[in-house]
file protein.csv (CSV, C-alpha atoms and all ligand atoms)
chain,number,residue,atom,x,y,z
J,1,MET,CA,62.1,74.0,10.6
J,2,ALA,CA,63.8,72.3,7.8
J,3,GLY,CA,65.8,69.1,8.4
J,4,VAL,CA,69.5,69.6,8.8
J,5,PRO,CA,71.9,67.0,7.3
J,6,VAL,CA,73.7,65.2,10.1
J,7,LYS,CA,76.4,63.6,8.0
J,8,HIS,CA,78.1,64.5,4.7
J,9,HIS,CA,77.0,62.3,1.8
J,10,SER,CA,79.8,61.7,-0.6
J,11,LYS,CA,79.4,62.2,-4.4
J,12,SER,CA,79.5,58.5,-5.0
J,13,LYS,CA,76.8,57.8,-2.3
J,14,VAL,CA,74.5,60.4,-3.8
J,15,GLY,CA,75.2,59.1,-7.3
J,16,ARG,CA,74.4,55.5,-6.2
J,17,ARG,CA,71.1,56.6,-4.8
J,18,ARG,CA,70.2,58.7,-7.9
J,19,SER,CA,71.1,55.8,-10.2
J,20,GLN,CA,67.8,54.3,-9.3
J,21,LEU,CA,65.7,57.5,-10.1
J,22,ALA,CA,65.8,57.5,-13.9
J,23,LEU,CA,62.5,56.5,-15.6
J,24,LYS,CA,62.5,53.1,-17.4
J,25,ARG,CA,61.5,53.0,-21.1
J,26,LYS,CA,57.8,52.4,-21.4
J,27,ILE,CA,56.7,49.2,-23.1
J,28,ILE,CA,53.9,49.9,-25.5
J,29,ILE,CA,52.1,47.2,-27.4
J,30,ALA,CA,49.1,47.2,-29.8
J,31,CYS,CA,45.8,46.3,-28.1
J,32,PRO,CA,44.6,43.0,-29.6
J,33,PHE,CA,41.0,44.2,-29.4
J,34,CYS,CA,41.1,47.7,-31.0
J,35,LYS,CA,44.7,47.8,-32.2
J,36,SER,CA,45.5,51.1,-30.4
J,37,PRO,CA,48.7,51.5,-28.5
J,38,ALA,CA,48.4,50.2,-24.9
J,39,MET,CA,50.6,49.1,-22.0
J,40,PRO,CA,50.5,45.5,-20.9
J,41,HIS,CA,48.7,44.7,-17.6
J,42,ARG,CA,46.9,48.0,-17.9
J,43,ALA,CA,43.3,48.7,-19.1
J,44,CYS,CA,43.3,49.9,-22.7
J,45,VAL,CA,42.5,53.6,-22.9
J,46,GLN,CA,40.3,53.1,-26.0
J,47,CYS,CA,38.3,50.0,-25.2
J,48,GLY,CA,38.8,49.5,-21.5
J,49,ARG,CA,39.9,45.9,-21.7
J,50,THR,CA,43.0,44.7,-20.0
J,51,VAL,CA,45.9,43.4,-22.1
J,52,LYS,CA,47.3,40.5,-20.2
J,53,PHE,CA,50.4,39.6,-22.2
J,54,THR,CA,53.7,41.3,-23.0
J,55,LYS,CA,54.1,40.3,-26.6
E,101,ZN,ZN,41.8,48.3,-26.8
call {"tool": "encode", "arguments": {"input": "protein.csv", "output": "structure tokens", "more": "lines below"}}
Ligand SMILES: [Zn+2]
result
Amino acid sequence: MAGVPVKHHSKSKVGRRRSQLALKRKIIIACPFCKSPAMPHRACVQCGRTVKFTK
């Protein structure tokens, strides 16, 4: 059985909750080792090395 809502959620309450759901813009930098686009603090897709800094 599916869950049944116990209380009504107002539009503002639903909107406040959903205000946190949007995806943030991805930060993409150039890998200092192979110059391909990579995300900071993630292993580079091309060379597998981790880019530690944001700028
Ligand atoms: Zn790389």
call {"tool": "residues_near_ligand", "arguments": {"input": "protein.csv", "ligand": "ligand ZN 101 (chain E)", "cutoff": "9 Å", "atoms": "all atoms listed in the file", "output": "list in words"}}
result
Ala30, Cys31, Pro32, Phe33, Cys34, Lys35, Ser36, Pro37, Ala38, Ala43, Cys44, Val45, Gln46, Cys47, Gly48, Arg49, Thr50 and Val51 of chain J
call {"tool": "write_last_selection", "arguments": {"input": "protein.csv", "atoms": "C-alpha atoms", "output": "short mmCIF file (atom, residue, chain, number, x, y, z; two decimals), keeping the file's coordinate frame"}}
result
data_model
loop_
_atom_site.label_atom_id
_atom_site.label_comp_id
_atom_site.auth_asym_id
_atom_site.auth_seq_id
_atom_site.Cartn_x
_atom_site.Cartn_y
_atom_site.Cartn_z
CA ALA J 30 49.10 47.20 -29.80
CA CYS J 31 45.80 46.30 -28.10
CA PRO J 32 44.60 43.00 -29.60
CA PHE J 33 41.00 44.20 -29.40
CA CYS J 34 41.10 47.70 -31.00
CA LYS J 35 44.70 47.80 -32.20
CA SER J 36 45.50 51.10 -30.40
CA PRO J 37 48.70 51.50 -28.50
CA ALA J 38 48.40 50.20 -24.90
CA ALA J 43 43.30 48.70 -19.10
CA CYS J 44 43.30 49.90 -22.70
CA VAL J 45 42.50 53.60 -22.90
CA GLN J 46 40.30 53.10 -26.00
CA CYS J 47 38.30 50.00 -25.20
CA GLY J 48 38.80 49.50 -21.50
CA ARG J 49 39.90 45.90 -21.70
CA THR J 50 43.00 44.70 -20.00
CA VAL J 51 45.90 43.40 -22.10
#
call {"tool": "atom_distance", "arguments": {"input": "protein.csv", "atom1": "CA of Ile29 in chain J", "atom2": "CA of His41 in chain J"}}
result
10.7 Å
call {"tool": "atom_distance", "arguments": {"input": "protein.csv", "atom1": "CA of His9 in chain J", "atom2": "CA of Leu21 in chain J"}}
result
17.1 Å
call {"tool": "closest_residue", "arguments": {"input": "protein.csv", "among": "J:Ile27, J:Ser10, J:Pro5, J:Ala22", "to": "Arg42 in chain J", "atoms": "all atoms listed in the file"}}
result
J:Ile27
call {"tool": "atom_distance", "arguments": {"input": "protein.csv", "atom1": "CA of Arg25 in chain J", "atom2": "CA of Lys13 in chain J"}}
result
24.7 Å
call {"tool": "closest_residue", "arguments": {"input": "protein.csv", "among": "J:Arg18, J:Lys26, J:Val6, J:Ser12", "to": "Met39 in chain J", "atoms": "all atoms listed in the file"}}
result
J:Lys26
